[in-house]
>>> print(open('model.pdb').read())   # PDB, C-alpha atoms, pLDDT in the B column
ATOM      1  CA  MET K1242       0.000   0.000   0.000  1.00 89.00           C
ATOM      2  CA  LYS K1243       1.209   3.454  -0.897  1.00 93.00           C
ATOM      3  CA  LYS K1244       0.842   6.405   1.440  1.00 96.00           C
ATOM      4  CA  ILE K1245      -1.791   8.979   0.415  1.00 97.00           C
ATOM      5  CA  ILE K1246      -0.987  12.690   0.714  1.00 97.00           C
ATOM      6  CA  TRP K1247      -3.823  15.229   0.387  1.00 98.00           C
ATOM      7  CA  SER K1248      -3.139  18.533  -1.394  1.00 97.00           C
ATOM      8  CA  ALA K1249      -4.699  21.696   0.055  1.00 97.00           C
ATOM      9  CA  ASP K1250      -7.097  21.790  -2.942  1.00 96.00           C
ATOM     10  CA  ALA K1251      -8.192  18.190  -2.354  1.00 97.00           C
ATOM     11  CA  VAL K1252      -8.895  18.909   1.333  1.00 97.00           C
ATOM     12  CA  SER K1253     -10.862  22.023   0.410  1.00 96.00           C
ATOM     13  CA  ASP K1254     -12.842  20.163  -2.283  1.00 95.00           C
ATOM     14  CA  TYR K1255     -13.640  17.327   0.111  1.00 96.00           C
ATOM     15  CA  ASP K1256     -14.763  19.721   2.859  1.00 96.00           C
ATOM     16  CA  GLN K1257     -16.968  21.640   0.417  1.00 94.00           C
ATOM     17  CA  ASN K1258     -18.622  18.423  -0.742  1.00 93.00           C
ATOM     18  CA  ILE K1259     -19.254  17.386   2.876  1.00 94.00           C
ATOM     19  CA  GLU K1260     -20.782  20.773   3.696  1.00 94.00           C
ATOM     20  CA  TYR K1261     -22.992  20.662   0.604  1.00 90.00           C
ATOM     21  CA  LEU K1262     -24.226  17.140   1.353  1.00 91.00           C
ATOM     22  CA  LEU K1263     -24.951  17.984   4.993  1.00 94.00           C
ATOM     23  CA  ASP K1264     -26.896  21.102   3.990  1.00 93.00           C
ATOM     24  CA  GLU K1265     -28.804  19.580   1.072  1.00 91.00           C
ATOM     25  CA  TRP K1266     -29.102  15.837   1.785  1.00 92.00           C
ATOM     26  CA  GLY K1267     -28.455  15.176   5.466  1.00 94.00           C
ATOM     27  CA  ILE K1268     -26.282  12.940   7.595  1.00 96.00           C
ATOM     28  CA  LYS K1269     -27.124   9.590   5.975  1.00 96.00           C
ATOM     29  CA  GLU K1270     -26.150  10.688   2.454  1.00 94.00           C
ATOM     30  CA  THR K1271     -23.072  12.479   3.784  1.00 95.00           C
ATOM     31  CA  GLN K1272     -21.881   9.381   5.653  1.00 97.00           C
ATOM     32  CA  GLN K1273     -22.428   7.287   2.523  1.00 96.00           C
ATOM     33  CA  PHE K1274     -20.237   9.730   0.564  1.00 95.00           C
ATOM     34  CA  ILE K1275     -17.520   9.618   3.255  1.00 96.00           C
ATOM     35  CA  ASP K1276     -17.580   5.806   3.155  1.00 97.00           C
ATOM     36  CA  GLU K1277     -17.381   5.757  -0.668  1.00 96.00           C
ATOM     37  CA  ILE K1278     -14.375   8.092  -0.655  1.00 97.00           C
ATOM     38  CA  ALA K1279     -12.636   5.983   2.014  1.00 97.00           C
ATOM     39  CA  GLU K1280     -13.261   2.796   0.023  1.00 97.00           C
ATOM     40  CA  MET K1281     -11.878   4.340  -3.172  1.00 97.00           C
ATOM     41  CA  LEU K1282      -8.816   5.699  -1.359  1.00 97.00           C
ATOM     42  CA  ASN K1283      -8.147   2.233   0.007  1.00 97.00           C
ATOM     43  CA  THR K1284      -8.351   0.816  -3.524  1.00 97.00           C
ATOM     44  CA  ILE K1285      -6.128   3.579  -4.918  1.00 97.00           C
ATOM     45  CA  SER K1286      -3.497   2.986  -2.215  1.00 96.00           C
ATOM     46  CA  LYS K1287      -3.374  -0.736  -3.058  1.00 95.00           C
ATOM     47  CA  MET K1288      -3.631  -0.477  -6.868  1.00 95.00           C
ATOM     48  CA  PRO K1289      -2.803   3.088  -7.978  1.00 94.00           C
ATOM     49  CA  GLU K1290      -2.517   2.211 -11.663  1.00 94.00           C
ATOM     50  CA  LEU K1291      -6.019   0.690 -11.708  1.00 95.00           C
ATOM     51  CA  PHE K1292      -7.670   3.943 -12.738  1.00 96.00           C
ATOM     52  CA  PRO K1293      -7.046   5.590 -16.118  1.00 96.00           C
ATOM     53  CA  LEU K1294      -4.893   8.596 -16.830  1.00 94.00           C
ATOM     54  CA  SER K1295      -6.824  11.787 -17.464  1.00 89.00           C
ATOM     55  CA  ASP K1296      -5.966  14.401 -20.071  1.00 84.00           C
ATOM     56  CA  TYR K1297      -3.944  16.426 -17.561  1.00 83.00           C
ATOM     57  CA  ARG K1298      -0.263  16.041 -16.537  1.00 80.00           C
ATOM     58  CA  ASN K1299      -0.157  12.356 -15.576  1.00 91.00           C
ATOM     59  CA  ILE K1300      -3.183  12.753 -13.333  1.00 95.00           C
ATOM     60  CA  ARG K1301      -5.297   9.647 -12.826  1.00 96.00           C
ATOM     61  CA  LYS K1302      -9.056   9.823 -12.423  1.00 95.00           C
ATOM     62  CA  CYS K1303     -11.165   7.621 -10.162  1.00 96.00           C
ATOM     63  CA  VAL K1304     -14.907   8.193 -10.560  1.00 95.00           C
ATOM     64  CA  VAL K1305     -16.538   7.850  -7.143  1.00 94.00           C
ATOM     65  CA  ARG K1306     -20.006   8.920  -8.267  1.00 89.00           C
ATOM     66  CA  LYS K1307     -21.088  10.362 -11.580  1.00 89.00           C
ATOM     67  CA  GLN K1308     -20.782  13.799  -9.951  1.00 89.00           C
ATOM     68  CA  ILE K1309     -17.449  13.294  -8.105  1.00 93.00           C
ATOM     69  CA  SER K1310     -14.009  12.047  -9.114  1.00 95.00           C
ATOM     70  CA  ILE K1311     -10.744  11.715  -7.225  1.00 96.00           C
ATOM     71  CA  LEU K1312      -7.814  13.070  -9.227  1.00 96.00           C
ATOM     72  CA  TYR K1313      -4.372  11.919  -8.150  1.00 97.00           C
ATOM     73  CA  THR K1314      -0.781  11.389  -9.176  1.00 97.00           C
ATOM     74  CA  VAL K1315       1.519   8.494  -8.329  1.00 96.00           C
ATOM     75  CA  LYS K1316       5.013   9.482  -7.187  1.00 90.00           C
ATOM     76  CA  ASP K1317       7.386   6.700  -6.156  1.00 87.00           C
ATOM     77  CA  ASP K1318       6.095   5.391  -2.826  1.00 89.00           C
ATOM     78  CA  LYS K1319       3.204   7.827  -2.402  1.00 96.00           C
ATOM     79  CA  ILE K1320       0.012   9.049  -3.987  1.00 97.00           C
ATOM     80  CA  GLU K1321      -0.892  12.730  -4.034  1.00 97.00           C
ATOM     81  CA  LEU K1322      -4.577  13.586  -4.149  1.00 97.00           C
ATOM     82  CA  VAL K1323      -4.803  16.585  -6.444  1.00 95.00           C
ATOM     83  CA  ARG K1324      -8.560  17.241  -6.258  1.00 95.00           C
ATOM     84  CA  VAL K1325     -11.838  15.704  -5.149  1.00 95.00           C
ATOM     85  CA  TRP K1326     -13.421  17.011  -8.313  1.00 88.00           C
ATOM     86  CA  ASN K1327     -17.036  17.876  -9.013  1.00 84.00           C
ATOM     87  CA  ASN K1328     -17.411  16.619 -12.582  1.00 80.00           C
ATOM     88  CA  LYS K1329     -19.579  19.609 -13.461  1.00 74.00           C
ATOM     89  CA  GLN K1330     -16.665  21.995 -12.814  1.00 64.00           C
ATOM     90  CA  ASN K1331     -14.740  23.517 -15.673  1.00 56.00           C
ATOM     91  CA  PRO K1332     -11.792  21.174 -16.402  1.00 55.00           C
ATOM     92  CA  LYS K1333      -9.646  24.181 -17.440  1.00 56.00           C
ATOM     93  CA  LYS K1334      -9.270  24.944 -13.710  1.00 55.00           C
ATOM     94  CA  LEU K1335      -7.031  21.871 -13.464  1.00 54.00           C
ATOM     95  CA  LYS K1336      -4.455  23.460 -15.729  1.00 49.00           C
ATOM     96  CA  ASP K1337      -3.998  26.538 -13.511  1.00 46.00           C
TER      97      ASP K1337
END
>>> encode(input="model.pdb", output="C-alpha cells")
Amino acid sequence: MKKIIWSADAVSDYDQNIEYLLDEWGIKETQQFIDEIAEMLNTISKMPELFPLSDYRNIRKCVVRKQISILYTVKDDKIELVRVWNNKQNPKKLKD
C-alpha cells in the first residue's frame, strides 16, 4: 500500500462536498459519501494504476459517483490527491 498525501485543494474540495451534502441531503447521504471516498482511497493505495490517466499532466481519475471524481498522481512510494473534483466543474481549472 502506498501512502496517500492530500493537497490543500483536495482537502478544500472534500470539505466543500461534505458541507454541501450535509446542507442539502443530510447525515445519511453524507456518511455514505464519506464511506465511498474511504473505500476508493483504500483501492487507490493498493492499486494506484487501476484507474485511467486523465488528459492532464499524468493525473489519474477515479470516478466515485457520476458527480465526483478523485484526481491523483503516483510518485514513487506515495500518492498525491490533487482534487476531489465535481465533474460539473470547468476542467480548465485543473491546468492553472
>>> resolve_selection(input="model.pdb", expression="the PyMOL selection byres ((chain K and resi 1314-1331) around 7)", output="ChimeraX atom specification")
/K:1243-1248,1250-1251,1254-1255,1289,1299-1301,1308-1313,1332-1334
>>> write_last_selection(input="model.pdb", atoms="C-alpha atoms", output="compact mmCIF listing (two decimals), keeping the file's coordinate frame")
# COMPACT_ATOMS: atom_id res chain seq x y z
CA LYS K 1243 1.21 3.45 -0.90
CA LYS K 1244 0.84 6.40 1.44
CA ILE K 1245 -1.79 8.98 0.42
CA ILE K 1246 -0.99 12.69 0.71
CA TRP K 1247 -3.82 15.23 0.39
CA SER K 1248 -3.14 18.53 -1.39
CA ASP K 1250 -7.10 21.79 -2.94
CA ALA K 1251 -8.19 18.19 -2.35
CA ASP K 1254 -12.84 20.16 -2.28
CA TYR K 1255 -13.64 17.33 0.11
CA PRO K 1289 -2.80 3.09 -7.98
CA ASN K 1299 -0.16 12.36 -15.58
CA ILE K 1300 -3.18 12.75 -13.33
CA ARG K 1301 -5.30 9.65 -12.83
CA GLN K 1308 -20.78 13.80 -9.95
CA ILE K 1309 -17.45 13.29 -8.10
CA SER K 1310 -14.01 12.05 -9.11
CA ILE K 1311 -10.74 11.72 -7.22
CA LEU K 1312 -7.81 13.07 -9.23
CA TYR K 1313 -4.37 11.92 -8.15
CA PRO K 1332 -11.79 21.17 -16.40
CA LYS K 1333 -9.65 24.18 -17.44
CA LYS K 1334 -9.27 24.94 -13.71
>>> closest_residue(input="model.pdb", among="K:Cys1303, K:Ile1259, K:Met1288, K:Met1242", to="Gln1273 in chain K", atoms="all atoms listed in the file")
K:Ile1259
>>> atom_distance(input="model.pdb", atom1="CA of Lys1287 in chain K", atom2="CA of Lys1269 in chain K")
27.4 Å
>>> atom_distance(input="model.pdb", atom1="CA of Leu1282 in chain K", atom2="CA of Asp1264 in chain K")
24.3 Å
>>> axis_aligned_box(input="model.pdb", around="range 1277-1291 of chain K", padding_each_side="8 Å", output="lines of an AutoDock Vina configuration file")
center_x = -9.9
center_y = 3.7
center_z = -4.8
size_x = 30.9
size_y = 24.8
size_z = 29.7
>>> atom_distance(input="model.pdb", atom1="CA of Asn1283 in chain K", atom2="CA of Arg1306 in chain K")
15.9 Å
>>> resolve_selection(input="model.pdb", expression="the PyMOL selection byres ((chain K and resi 1274) around 10)", output="list in words")
Asn1258, Ile1259, Leu1262, Ile1268, Lys1269, Glu1270, Thr1271, Gln1272, Gln1273, Ile1275, Asp1276, Glu1277, Ile1278, Ala1279, Glu1280, Val1305, Arg1306 and Ile1309 of chain K
>>> build_atoms(input="model.pdb", residues="range 1295-1330 of chain K", atoms="N, CA and C atoms", output="mmCIF file, keeping the file's coordinate frame")
data_model
loop_
_atom_site.group_PDB
_atom_site.id
_atom_site.type_symbol
_atom_site.label_atom_id
_atom_site.label_comp_id
_atom_site.auth_asym_id
_atom_site.auth_seq_id
_atom_site.Cartn_x
_atom_site.Cartn_y
_atom_site.Cartn_z
ATOM 1 N N SER K 1295 -5.948 10.756 -16.912
ATOM 2 C CA SER K 1295 -6.824 11.787 -17.464
ATOM 3 C C SER K 1295 -6.058 12.516 -18.566
ATOM 4 N N ASP K 1296 -6.619 13.609 -19.026
ATOM 5 C CA ASP K 1296 -5.966 14.401 -20.071
ATOM 6 C C ASP K 1296 -4.967 15.409 -19.509
ATOM 7 N N TYR K 1297 -4.748 15.399 -18.200
ATOM 8 C CA TYR K 1297 -3.944 16.426 -17.561
ATOM 9 C C TYR K 1297 -2.728 15.857 -16.841
ATOM 10 N N ARG K 1298 -1.538 16.248 -17.236
ATOM 11 C CA ARG K 1298 -0.263 16.041 -16.537
ATOM 12 C C ARG K 1298 -0.133 14.768 -15.715
ATOM 13 N N ASN K 1299 -0.309 13.630 -16.287
ATOM 14 C CA ASN K 1299 -0.157 12.356 -15.576
ATOM 15 C C ASN K 1299 -1.066 12.217 -14.360
ATOM 16 N N ILE K 1300 -2.209 12.843 -14.417
ATOM 17 C CA ILE K 1300 -3.183 12.753 -13.333
ATOM 18 C C ILE K 1300 -4.151 11.624 -13.641
ATOM 19 N N ARG K 1301 -4.345 10.743 -12.685
ATOM 20 C CA ARG K 1301 -5.297 9.647 -12.826
ATOM 21 C C ARG K 1301 -6.645 10.071 -12.271
ATOM 22 N N LYS K 1302 -7.698 9.446 -12.801
ATOM 23 C CA LYS K 1302 -9.056 9.823 -12.423
ATOM 24 C C LYS K 1302 -9.840 8.604 -11.972
ATOM 25 N N CYS K 1303 -10.328 8.666 -10.743
ATOM 26 C CA CYS K 1303 -11.165 7.621 -10.162
ATOM 27 C C CYS K 1303 -12.560 8.208 -9.966
ATOM 28 N N VAL K 1304 -13.544 7.711 -10.704
ATOM 29 C CA VAL K 1304 -14.907 8.193 -10.560
ATOM 30 C C VAL K 1304 -15.532 7.520 -9.340
ATOM 31 N N VAL K 1305 -15.914 8.348 -8.366
ATOM 32 C CA VAL K 1305 -16.538 7.850 -7.143
ATOM 33 C C VAL K 1305 -18.046 7.753 -7.350
ATOM 34 N N ARG K 1306 -18.603 8.807 -7.871
ATOM 35 C CA ARG K 1306 -20.006 8.920 -8.267
ATOM 36 C C ARG K 1306 -19.996 9.668 -9.585
ATOM 37 N N LYS K 1307 -21.106 9.655 -10.293
ATOM 38 C CA LYS K 1307 -21.088 10.362 -11.580
ATOM 39 C C LYS K 1307 -20.782 11.844 -11.393
ATOM 40 N N GLN K 1308 -21.046 12.386 -10.199
ATOM 41 C CA GLN K 1308 -20.782 13.799 -9.951
ATOM 42 C C GLN K 1308 -19.376 14.073 -9.412
ATOM 43 N N ILE K 1309 -18.709 13.075 -8.823
ATOM 44 C CA ILE K 1309 -17.449 13.294 -8.105
ATOM 45 C C ILE K 1309 -16.361 12.323 -8.562
ATOM 46 N N SER K 1310 -15.171 12.860 -8.793
ATOM 47 C CA SER K 1310 -14.009 12.047 -9.114
ATOM 48 C C SER K 1310 -12.848 12.428 -8.207
ATOM 49 N N ILE K 1311 -11.994 11.458 -7.935
ATOM 50 C CA ILE K 1311 -10.744 11.715 -7.225
ATOM 51 C C ILE K 1311 -9.650 11.800 -8.281
ATOM 52 N N LEU K 1312 -8.922 12.895 -8.293
ATOM 53 C CA LEU K 1312 -7.814 13.070 -9.227
ATOM 54 C C LEU K 1312 -6.519 12.976 -8.428
ATOM 55 N N TYR K 1313 -5.590 12.171 -8.925
ATOM 56 C CA TYR K 1313 -4.372 11.919 -8.150
ATOM 57 C C TYR K 1313 -3.194 11.609 -9.054
ATOM 58 N N THR K 1314 -2.007 11.766 -8.489
ATOM 59 C CA THR K 1314 -0.781 11.389 -9.176
ATOM 60 C C THR K 1314 -0.057 10.340 -8.334
ATOM 61 N N VAL K 1315 0.728 9.521 -9.003
ATOM 62 C CA VAL K 1315 1.519 8.494 -8.329
ATOM 63 C C VAL K 1315 2.980 8.921 -8.413
ATOM 64 N N LYS K 1316 3.619 9.055 -7.247
ATOM 65 C CA LYS K 1316 5.013 9.482 -7.187
ATOM 66 C C LYS K 1316 5.769 8.518 -6.288
ATOM 67 N N ASP K 1317 6.566 7.668 -6.889
ATOM 68 C CA ASP K 1317 7.386 6.700 -6.156
ATOM 69 C C ASP K 1317 6.552 5.906 -5.150
ATOM 70 N N ASP K 1318 6.763 6.180 -3.862
ATOM 71 C CA ASP K 1318 6.095 5.391 -2.826
ATOM 72 C C ASP K 1318 4.853 6.067 -2.262
ATOM 73 N N LYS K 1319 4.392 7.149 -2.917
ATOM 74 C CA LYS K 1319 3.204 7.827 -2.402
ATOM 75 C C LYS K 1319 2.264 8.271 -3.514
ATOM 76 N N ILE K 1320 1.058 8.580 -3.090
ATOM 77 C CA ILE K 1320 0.012 9.049 -3.987
ATOM 78 C C ILE K 1320 -0.389 10.434 -3.499
ATOM 79 N N GLU K 1321 -0.429 11.400 -4.410
ATOM 80 C CA GLU K 1321 -0.892 12.730 -4.034
ATOM 81 C C GLU K 1321 -2.280 12.952 -4.603
ATOM 82 N N LEU K 1322 -3.237 13.227 -3.708
ATOM 83 C CA LEU K 1322 -4.577 13.586 -4.149
ATOM 84 C C LEU K 1322 -4.521 15.034 -4.608
ATOM 85 N N VAL K 1323 -4.859 15.250 -5.867
ATOM 86 C CA VAL K 1323 -4.803 16.585 -6.444
ATOM 87 C C VAL K 1323 -6.117 17.318 -6.180
ATOM 88 N N ARG K 1324 -7.232 16.654 -6.462
ATOM 89 C CA ARG K 1324 -8.560 17.241 -6.258
ATOM 90 C C ARG K 1324 -9.570 16.143 -5.943
ATOM 91 N N VAL K 1325 -10.632 16.526 -5.263
ATOM 92 C CA VAL K 1325 -11.838 15.704 -5.149
ATOM 93 C C VAL K 1325 -12.842 16.493 -5.981
ATOM 94 N N TRP K 1326 -12.883 16.162 -7.258
ATOM 95 C CA TRP K 1326 -13.421 17.011 -8.313
ATOM 96 C C TRP K 1326 -14.915 16.800 -8.550
ATOM 97 N N ASN K 1327 -15.647 17.913 -8.582
ATOM 98 C CA ASN K 1327 -17.036 17.876 -9.013
ATOM 99 C C ASN K 1327 -16.999 17.853 -10.536
ATOM 100 N N ASN K 1328 -17.528 16.806 -11.140
ATOM 101 C CA ASN K 1328 -17.411 16.619 -12.582
ATOM 102 C C ASN K 1328 -18.135 17.677 -13.407
ATOM 103 N N LYS K 1329 -18.918 18.517 -12.749
ATOM 104 C CA LYS K 1329 -19.579 19.609 -13.461
ATOM 105 C C LYS K 1329 -18.708 20.856 -13.521
ATOM 106 N N GLN K 1330 -17.579 20.860 -12.799
ATOM 107 C CA GLN K 1330 -16.665 21.995 -12.814
ATOM 108 C C GLN K 1330 -15.957 22.084 -14.158
#
